[in-house]
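Below is coords_33.pdb, which holds PDB, C-alpha atoms.
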```
ATOM      1  CA  CYS G  17      10.487 116.194  54.419  1.00  0.00           C
ATOM      2  CA  THR G  18      10.353 119.992  54.830  1.00  0.00           C
ATOM      3  CA  THR G  19      10.246 121.964  51.568  1.00  0.00           C
ATOM      4  CA  LEU G  20      11.611 125.519  51.367  1.00  0.00           C
ATOM      5  CA  MET G  21      10.629 127.425  48.202  1.00  0.00           C
ATOM      6  CA  LEU G  22      13.275 130.063  47.557  1.00  0.00           C
ATOM      7  CA  PRO G  23      12.234 133.354  45.957  1.00  0.00           C
ATOM      8  CA  PRO G  24      13.578 134.442  42.541  1.00  0.00           C
ATOM      9  CA  PRO G  25      16.809 136.445  42.539  1.00  0.00           C
ATOM     10  CA  GLY G  26      16.184 139.994  43.687  1.00  0.00           C
ATOM     11  CA  PRO G  27      17.059 142.664  46.258  1.00  0.00           C
ATOM     12  CA  ILE G  28      15.276 140.865  49.110  1.00  0.00           C
ATOM     13  CA  SER G  29      15.960 137.243  48.181  1.00  0.00           C
ATOM     14  CA  SER G  30      19.311 137.073  50.009  1.00  0.00           C
ATOM     15  CA  GLY G  31      17.703 138.234  53.252  1.00  0.00           C
ATOM     16  CA  ILE G  32      14.916 135.680  52.947  1.00  0.00           C
ATOM     17  CA  ASN G  33      17.397 132.883  52.205  1.00  0.00           C
ATOM     18  CA  ALA G  34      19.463 133.846  55.249  1.00  0.00           C
ATOM     19  CA  GLU G  35      16.305 133.746  57.386  1.00  0.00           C
ATOM     20  CA  TYR G  36      15.418 130.297  56.023  1.00  0.00           C
ATOM     21  CA  GLY G  37      18.938 129.051  56.733  1.00  0.00           C
ATOM     22  CA  GLY G  38      18.864 130.414  60.278  1.00  0.00           C
ATOM     23  CA  ILE G  39      15.608 128.600  60.999  1.00  0.00           C
ATOM     24  CA  VAL G  40      16.973 125.299  59.707  1.00  0.00           C
ATOM     25  CA  VAL G  41      20.157 125.647  61.774  1.00  0.00           C
ATOM     26  CA  GLU G  42      18.155 126.394  64.926  1.00  0.00           C
ATOM     27  CA  LEU G  43      15.902 123.379  64.359  1.00  0.00           C
ATOM     28  CA  ILE G  44      18.895 121.078  63.827  1.00  0.00           C
ATOM     29  CA  ARG G  45      20.691 122.367  66.921  1.00  0.00           C
ATOM     30  CA  ALA G  46      17.474 121.906  68.916  1.00  0.00           C
ATOM     31  CA  LYS G  47      17.448 118.264  67.700  1.00  0.00           C
ATOM     32  CA  LYS G  48      14.034 118.689  66.077  1.00  0.00           C
ATOM     33  CA  MET G  49      15.151 117.586  62.596  1.00  0.00           C
ATOM     34  CA  ALA G  50      16.287 114.068  63.481  1.00  0.00           C
ATOM     35  CA  GLY G  51      15.246 111.628  60.759  1.00  0.00           C
ATOM     36  CA  ARG G  52      13.881 114.407  58.551  1.00  0.00           C
ATOM     37  CA  ALA G  53      15.141 116.123  55.407  1.00  0.00           C
ATOM     38  CA  VAL G  54      14.981 119.628  53.943  1.00  0.00           C
ATOM     39  CA  LEU G  55      14.203 120.109  50.258  1.00  0.00           C
ATOM     40  CA  LEU G  56      15.339 123.453  48.794  1.00  0.00           C
ATOM     41  CA  ALA G  57      13.304 124.295  45.707  1.00  0.00           C
ATOM     42  CA  GLY G  58      13.446 127.202  43.275  1.00  0.00           C
ATOM     43  CA  PRO G  59      14.514 128.233  39.792  1.00  0.00           C
ATOM     44  CA  PRO G  60      18.199 128.395  38.811  1.00  0.00           C
ATOM     45  CA  GLY G  61      20.186 131.156  40.465  1.00  0.00           C
ATOM     46  CA  THR G  62      18.092 131.410  43.617  1.00  0.00           C
ATOM     47  CA  GLY G  63      20.957 130.262  45.836  1.00  0.00           C
ATOM     48  CA  LYS G  64      19.950 126.717  46.749  1.00  0.00           C
ATOM     49  CA  THR G  65      23.494 125.336  46.727  1.00  0.00           C
ATOM     50  CA  ALA G  66      24.873 128.403  48.496  1.00  0.00           C
ATOM     51  CA  LEU G  67      22.233 128.104  51.205  1.00  0.00           C
ATOM     52  CA  ALA G  68      22.956 124.393  51.737  1.00  0.00           C
ATOM     53  CA  LEU G  69      26.685 125.103  51.977  1.00  0.00           C
ATOM     54  CA  ALA G  70      26.080 127.943  54.431  1.00  0.00           C
ATOM     55  CA  ILE G  71      23.942 125.684  56.644  1.00  0.00           C
ATOM     56  CA  ALA G  72      26.638 122.995  56.677  1.00  0.00           C
ATOM     57  CA  GLN G  73      29.367 125.526  57.523  1.00  0.00           C
ATOM     58  CA  GLU G  74      27.254 127.109  60.259  1.00  0.00           C
ATOM     59  CA  LEU G  75      26.756 123.705  61.904  1.00  0.00           C
ATOM     60  CA  GLY G  76      30.533 123.238  62.133  1.00  0.00           C
ATOM     61  CA  SER G  77      33.440 121.615  60.362  1.00  0.00           C
ATOM     62  CA  LYS G  78      32.317 118.132  61.440  1.00  0.00           C
ATOM     63  CA  VAL G  79      29.199 118.307  59.262  1.00  0.00           C
ATOM     64  CA  PRO G  80      30.091 116.962  55.794  1.00  0.00           C
ATOM     65  CA  PHE G  81      28.900 118.762  52.659  1.00  0.00           C
ATOM     66  CA  CYS G  82      28.662 116.518  49.598  1.00  0.00           C
ATOM     67  CA  PRO G  83      27.567 118.335  46.408  1.00  0.00           C
ATOM     68  CA  MET G  84      26.253 116.395  43.435  1.00  0.00           C
ATOM     69  CA  VAL G  85      24.896 117.316  40.012  1.00  0.00           C
ATOM     70  CA  ALA G  86      21.996 115.892  37.999  1.00  0.00           C
ATOM     71  CA  SER G  87      24.291 114.540  35.300  1.00  0.00           C
ATOM     72  CA  GLU G  88      25.689 112.079  37.859  1.00  0.00           C
ATOM     73  CA  VAL G  89      22.235 110.734  38.678  1.00  0.00           C
ATOM     74  CA  TYR G  90      20.880 110.536  35.145  1.00  0.00           C
ATOM     75  CA  SER G  91      23.789 108.575  33.762  1.00  0.00           C
ATOM     76  CA  SER G  92      23.418 105.596  31.465  1.00  0.00           C
ATOM     77  CA  GLU G  93      26.408 103.847  33.075  1.00  0.00           C
ATOM     78  CA  VAL G  94      25.376 103.829  36.746  1.00  0.00           C
ATOM     79  CA  LYS G  95      21.970 103.248  38.303  1.00  0.00           C
ATOM     80  CA  LYS G  96      20.283 106.199  40.013  1.00  0.00           C
ATOM     81  CA  THR G  97      19.986 104.338  43.312  1.00  0.00           C
ATOM     82  CA  ALA G  98      23.705 103.493  43.297  1.00  0.00           C
ATOM     83  CA  VAL G  99      24.659 107.156  42.840  1.00  0.00           C
ATOM     84  CA  LEU G 100      22.287 108.289  45.576  1.00  0.00           C
ATOM     85  CA  MET G 101      23.487 105.617  48.013  1.00  0.00           C
ATOM     86  CA  GLU G 102      27.118 106.565  47.410  1.00  0.00           C
ATOM     87  CA  ASN G 103      26.381 110.203  48.247  1.00  0.00           C
ATOM     88  CA  PHE G 104      24.360 109.170  51.290  1.00  0.00           C
ATOM     89  CA  ARG G 105      27.378 107.213  52.529  1.00  0.00           C
ATOM     90  CA  ARG G 106      29.621 110.229  52.118  1.00  0.00           C
ATOM     91  CA  ALA G 107      27.169 112.492  53.942  1.00  0.00           C
ATOM     92  CA  ILE G 108      26.788 110.328  57.042  1.00  0.00           C
ATOM     93  CA  GLY G 109      29.116 111.343  59.860  1.00  0.00           C
ATOM     94  CA  LEU G 110      29.718 109.410  63.072  1.00  0.00           C
ATOM     95  CA  ARG G 111      31.225 110.839  66.237  1.00  0.00           C
ATOM     96  CA  ILE G 112      32.839 108.044  68.213  1.00  0.00           C
ATOM     97  CA  LYS G 113      33.814 108.759  71.796  1.00  0.00           C
ATOM     98  CA  GLU G 114      35.712 106.153  73.723  1.00  0.00           C
ATOM     99  CA  THR G 115      37.621 106.103  76.974  1.00  0.00           C
ATOM    100  CA  LYS G 116      40.899 104.220  77.169  1.00  0.00           C
ATOM    101  CA  GLU G 117      43.094 103.413  80.123  1.00  0.00           C
ATOM    102  CA  VAL G 118      46.714 103.515  79.025  1.00  0.00           C
ATOM    103  CA  TYR G 119      50.203 103.098  80.390  1.00  0.00           C
ATOM    104  CA  GLU G 120      52.674 105.483  78.792  1.00  0.00           C
ATOM    105  CA  GLY G 121      56.206 106.662  79.350  1.00  0.00           C
ATOM    106  CA  GLU G 122      59.838 106.141  78.419  1.00  0.00           C
ATOM    107  CA  VAL G 123      60.988 102.529  78.515  1.00  0.00           C
ATOM    108  CA  THR G 124      63.717 102.133  81.131  1.00  0.00           C
ATOM    109  CA  GLU G 125      63.633  98.332  81.344  1.00  0.00           C
ATOM    110  CA  MET G 126      62.374  95.492  79.177  1.00  0.00           C
ATOM    111  CA  THR G 127      63.179  92.058  80.560  1.00  0.00           C
ATOM    112  CA  PRO G 128      61.474  88.908  79.280  1.00  0.00           C
ATOM    113  CA  CYS G 129      61.257  86.184  81.924  1.00  0.00           C
ATOM    114  CA  GLU G 130      61.538  82.607  80.636  1.00  0.00           C
ATOM    115  CA  THR G 131      60.334  79.307  82.071  1.00  0.00           C
ATOM    116  CA  GLU G 132      60.749  75.692  81.080  1.00  0.00           C
ATOM    117  CA  SER G 133      58.595  74.701  78.156  1.00  0.00           C
ATOM    118  CA  ALA G 134      55.473  72.726  79.021  1.00  0.00           C
ATOM    119  CA  MET G 135      56.254  70.425  76.088  1.00  0.00           C
ATOM    120  CA  GLY G 136      59.426  69.271  77.795  1.00  0.00           C
ATOM    121  CA  GLY G 137      62.908  69.184  76.353  1.00  0.00           C
ATOM    122  CA  TYR G 138      65.411  71.988  76.571  1.00  0.00           C
ATOM    123  CA  GLY G 139      63.191  74.735  75.101  1.00  0.00           C
ATOM    124  CA  LYS G 140      62.020  77.706  77.101  1.00  0.00           C
ATOM    125  CA  THR G 141      59.043  80.013  76.712  1.00  0.00           C
ATOM    126  CA  VAL G 142      58.449  83.592  77.837  1.00  0.00           C
ATOM    127  CA  SER G 143      56.110  83.550  80.853  1.00  0.00           C
ATOM    128  CA  HIS G 144      55.902  87.345  81.262  1.00  0.00           C
ATOM    129  CA  VAL G 145      57.827  90.514  80.583  1.00  0.00           C
ATOM    130  CA  ILE G 146      58.917  93.231  83.008  1.00  0.00           C
ATOM    131  CA  ILE G 147      58.557  96.757  81.637  1.00  0.00           C
ATOM    132  CA  GLY G 148      59.789  99.901  83.350  1.00  0.00           C
ATOM    133  CA  LEU G 149      58.110 103.166  82.319  1.00  0.00           C
ATOM    134  CA  LYS G 150      59.314 106.635  83.309  1.00  0.00           C
ATOM    135  CA  THR G 151      57.543 109.986  83.120  1.00  0.00           C
ATOM    136  CA  ALA G 152      58.351 113.451  84.409  1.00  0.00           C
ATOM    137  CA  LYS G 153      56.537 112.628  87.648  1.00  0.00           C
ATOM    138  CA  GLY G 154      58.092 109.257  88.399  1.00  0.00           C
ATOM    139  CA  SER G 155      58.502 105.699  87.220  1.00  0.00           C
ATOM    140  CA  LYS G 156      56.679 102.396  87.459  1.00  0.00           C
ATOM    141  CA  GLN G 157      57.472  98.745  86.834  1.00  0.00           C
ATOM    142  CA  LEU G 158      54.850  96.564  85.160  1.00  0.00           C
ATOM    143  CA  LYS G 159      54.507  92.802  84.801  1.00  0.00           C
ATOM    144  CA  LEU G 160      52.865  92.113  81.451  1.00  0.00           C
ATOM    145  CA  ASP G 161      51.510  89.163  79.506  1.00  0.00           C
ATOM    146  CA  PRO G 162      53.868  87.449  77.024  1.00  0.00           C
ATOM    147  CA  THR G 163      51.578  88.394  74.126  1.00  0.00           C
ATOM    148  CA  ILE G 164      52.425  92.036  74.839  1.00  0.00           C
ATOM    149  CA  TYR G 165      56.097  91.130  74.528  1.00  0.00           C
ATOM    150  CA  GLU G 166      55.347  89.972  70.990  1.00  0.00           C
ATOM    151  CA  SER G 167      53.716  93.341  70.268  1.00  0.00           C
ATOM    152  CA  LEU G 168      56.786  95.102  71.659  1.00  0.00           C
ATOM    153  CA  GLN G 169      58.989  93.118  69.305  1.00  0.00           C
ATOM    154  CA  LYS G 170      56.775  93.926  66.308  1.00  0.00           C
ATOM    155  CA  GLU G 171      56.994  97.640  67.148  1.00  0.00           C
ATOM    156  CA  LYS G 172      60.778  97.249  67.574  1.00  0.00           C
ATOM    157  CA  VAL G 173      60.647  98.860  71.011  1.00  0.00           C
ATOM    158  CA  GLU G 174      63.958  99.434  72.756  1.00  0.00           C
ATOM    159  CA  VAL G 175      65.067 100.997  76.023  1.00  0.00           C
ATOM    160  CA  GLY G 176      64.782 104.766  75.609  1.00  0.00           C
ATOM    161  CA  ASP G 177      61.673 104.657  73.408  1.00  0.00           C
ATOM    162  CA  VAL G 178      58.443 106.398  74.391  1.00  0.00           C
ATOM    163  CA  ILE G 179      55.468 104.041  74.141  1.00  0.00           C
ATOM    164  CA  TYR G 180      51.916 103.649  75.316  1.00  0.00           C
ATOM    165  CA  ILE G 181      50.066 100.416  76.079  1.00  0.00           C
ATOM    166  CA  GLU G 182      46.285 100.131  76.118  1.00  0.00           C
ATOM    167  CA  ALA G 183      45.237  98.333  79.278  1.00  0.00           C
ATOM    168  CA  ASN G 184      42.067  96.837  77.784  1.00  0.00           C
ATOM    169  CA  THR G 185      43.456  95.445  74.525  1.00  0.00           C
ATOM    170  CA  GLY G 186      47.185  95.203  75.221  1.00  0.00           C
ATOM    171  CA  SER G 187      47.887  97.176  72.050  1.00  0.00           C
ATOM    172  CA  VAL G 188      51.363  98.725  71.959  1.00  0.00           C
ATOM    173  CA  LYS G 189      52.293 101.879  70.052  1.00  0.00           C
ATOM    174  CA  ARG G 190      55.813 103.227  69.736  1.00  0.00           C
ATOM    175  CA  GLN G 191      55.604 107.035  69.629  1.00  0.00           C
ATOM    176  CA  GLY G 192      59.307 107.659  69.044  1.00  0.00           C
ATOM    177  CA  ARG G 193      62.661 107.980  70.729  1.00  0.00           C
ATOM    178  CA  SER G 194      62.906 109.963  73.957  1.00  0.00           C
ATOM    179  CA  ASP G 195      64.197 113.483  73.339  1.00  0.00           C
ATOM    180  CA  ALA G 196      66.782 112.845  76.043  1.00  0.00           C
ATOM    181  CA  PHE G 197      68.686 110.846  73.405  1.00  0.00           C
ATOM    182  CA  ALA G 198      68.511 113.583  70.757  1.00  0.00           C
ATOM    183  CA  THR G 199      71.819 114.564  69.193  1.00  0.00           C
ATOM    184  CA  GLU G 200      73.116 117.766  67.697  1.00  0.00           C
ATOM    185  CA  PHE G 201      72.368 116.744  64.107  1.00  0.00           C
ATOM    186  CA  ASP G 202      69.812 118.823  62.208  1.00  0.00           C
ATOM    187  CA  LEU G 203      68.465 115.881  60.198  1.00  0.00           C
ATOM    188  CA  GLU G 204      67.990 112.373  61.524  1.00  0.00           C
ATOM    189  CA  ALA G 205      65.921 109.360  60.562  1.00  0.00           C
ATOM    190  CA  GLU G 206      64.751 108.939  64.154  1.00  0.00           C
ATOM    191  CA  GLU G 207      61.776 110.889  65.530  1.00  0.00           C
ATOM    192  CA  TYR G 208      62.275 112.260  69.039  1.00  0.00           C
ATOM    193  CA  VAL G 209      59.336 112.918  71.344  1.00  0.00           C
ATOM    194  CA  PRO G 210      59.158 114.377  74.859  1.00  0.00           C
ATOM    195  CA  VAL G 211      58.652 112.169  77.887  1.00  0.00           C
ATOM    196  CA  PRO G 212      55.009 112.310  79.074  1.00  0.00           C
ATOM    197  CA  LYS G 213      54.495 114.766  81.919  1.00  0.00           C
ATOM    198  CA  ASP G 214      51.428 113.124  83.421  1.00  0.00           C
ATOM    199  CA  SER G 215      51.376 110.057  85.630  1.00  0.00           C
ATOM    200  CA  TRP G 216      52.405 106.701  84.199  1.00  0.00           C
ATOM    201  CA  THR G 217      48.796 105.563  83.895  1.00  0.00           C
ATOM    202  CA  GLY G 218      45.770 107.545  82.946  1.00  0.00           C
ATOM    203  CA  THR G 219      42.634 107.817  80.893  1.00  0.00           C
ATOM    204  CA  THR G 220      42.584 109.284  77.421  1.00  0.00           C
ATOM    205  CA  LEU G 221      39.530 110.368  75.464  1.00  0.00           C
ATOM    206  CA  ALA G 222      39.469 109.666  71.761  1.00  0.00           C
ATOM    207  CA  ASN G 223      36.868 111.874  70.112  1.00  0.00           C
ATOM    208  CA  PHE G 224      36.889 111.811  66.346  1.00  0.00           C
ATOM    209  CA  GLN G 225      34.638 111.705  63.327  1.00  0.00           C
ATOM    210  CA  LYS G 226      34.552 109.157  60.554  1.00  0.00           C
ATOM    211  CA  LEU G 227      32.866 109.303  57.196  1.00  0.00           C
ATOM    212  CA  VAL G 228      31.042 106.092  56.561  1.00  0.00           C
ATOM    213  CA  ARG G 229      32.084 104.565  53.252  1.00  0.00           C
ATOM    214  CA  GLN G 230      29.921 101.490  53.475  1.00  0.00           C
ATOM    215  CA  LEU G 231      26.455 100.867  54.848  1.00  0.00           C
ATOM    216  CA  PRO G 232      25.040  97.452  55.702  1.00  0.00           C
ATOM    217  CA  SER G 233      22.885  96.088  52.937  1.00  0.00           C
TER     218      SER G 233
END
```

Starting from the coordinates I provided, produce the structure as structure tokens.
Amino acid sequence: CTTLMLPPPGPISSGINAEYGGIVVELIRAKKMAGRAVLLAGPPGTGKTALALAIAQELGSKVPFCPMVASEVYSSEVKKTAVLMENFRRAIGLRIKETKEVYEGEVTEMTPCETESAMGGYGKTVSHVIIGLKTAKGSKQLKLDPTIYESLQKEKVEVGDVIYIEANTGSVKRQGRSDAFATEFDLEAEEYVPVPKDSWTGTTLANFQKLVRQLPS
């Protein structure tokens, strides 16, 4: 743990605090503070909280800042370790980057193909489903697993809807109705979205940050 003793309030204290903050930011950006902590010490009014907030803001909006006061820790109702662990959970940020291959476009065809049931009798089961997807650059017809047809039914997908299907998981997401079907009404319950301009299949990059609410015990 690195301890920074802040000077008492005065005409030069703000400049010294700014210099301390700049050093900490440079060390973090240089990845030399991994697994280490910084303890800001000093009497009341020296700017400890302001300096911590400034460091977090300088590092970017994806760095969480979780203030806490001593009255929360020294409470007769909650244990000190429980309060500290809760704040540690809030302060941990994860950046998850994943690559997905997706099929997206406006649905032009959705035809379930049935076969005789393997159990015999007169029942039939869906063997596969034919989906037609259209974008601004063209169209494509896909032959998909029957489980994806169930997902299409759950999402209430119809011809004219804009959807995307994850190739790895088969997950289906209805984005809305194609704007080609928009009417002249100012207010409607339906949400209209433009037809994708890119090719019918592609790779998307999901890059987001999550605040961890629970840590493994």

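Within 9 Å of region 53-70 of chain G, once only C-alpha atoms are used and residues closer than 6 positions along the same chain are dropped, the contacting residues are Cys17, Thr18, Thr19, Leu20, Met21, Leu22, Pro23, Pro24, Pro25, Gly26, Ser29, Ser30, Asn33, Ala34, Tyr36, Gly37, Val40, Phe81 and Pro83 of chain G.
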
Applied to the shown file, which residues does the PyMOL selection byres ((chain G and resi 150) around 6) return, written as a PyMOL selection string?
-> chain G and resi 121-122+149+151+154-155

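With all atoms listed in the file as the atoms that count, the residue of G:Val99, G:Ile71, G:Val145, G:Met49 with the shortest distance to Lys159 (chain G) is G:Val145.
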
Residue nearest Arg106 (chain G) among G:Lys156, G:Cys129, G:Val79, G:Val178 (counting only C-alpha atoms) = G:Val79

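Going from CA of Val89 (chain G) over to CA of Ala107 (chain G), you cover 16.1 Å.
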
Shortest contact to Thr185 (chain G), candidates G:Ile146, G:Val41, G:Ser167, G:Glu125, atoms counted only C-alpha atoms, goes to G:Ser167

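In this comparison, which uses all atoms listed in the file, the residue of G:Val173, G:Val211, G:Val188, G:Val118 approaching Ala152 (chain G) most closely is G:Val211.
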
Determine, counting all atoms listed in the file, which protein, DNA and RNA residues have an atom within 8 Å of an atom of Pro210 (chain G); residues of the same chain fewer than 4 positions away are not included. Present the result as a PyMOL selection string.
-> chain G and resi 194-196

For those residues, write C-alpha atoms to a file as a JSON list (two decimals), in the coordinates of the input.
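The resulting out-v1.json:
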```
[["chain", "number", "residue", "atom", "x", "y", "z"],
["G", 194, "SER", "CA", 62.91, 109.96, 73.96],
["G", 195, "ASP", "CA", 64.20, 113.48, 73.34],
["G", 196, "ALA", "CA", 66.78, 112.84, 76.04]]
```

Please write the residues picked by the PyMOL selection byres ((chain G and resi 100) around 12) on this file as a list in words.
-> Cys82, Pro83, Met84, Val85, Ala86, Glu88, Val89, Tyr90, Ser91, Val94, Lys95, Lys96, Thr97, Ala98, Val99, Met101, Glu102, Asn103, Phe104, Arg105, Arg106 and Ala107 of chain G

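Contact shell of Phe197 (chain G) at 9 Å (all atoms listed in the file; same-chain neighbours under 3 positions omitted): Gly176, Arg193, Ser194 and Tyr208 of chain G.
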
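Counting from CA of Ile164 (chain G), the distance to CA of Glu206 (chain G) is 23.5 Å.
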
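Take the candidates G:Lys48, G:Glu74, G:Glu171, G:Gln157 and check each one against Glu120 (chain G) using only C-alpha atoms; the shortest distance goes to G:Gln157.
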
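Relative to CA of Tyr180 (chain G), CA of Val123 (chain G) is found at 9.7 Å.
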
Among the residues G:Lys116, G:Lys170, G:Lys213, G:Lys140, the one that comes closest to Ala183 (chain G) [using only C-alpha atoms] | G:Lys116

Spell out the residues picked by the PyMOL selection byres ((chain G and resi 128) around 10) here, as a PyMOL selection string.
-> chain G and resi 125-127+129-130+141-147+159-162+165
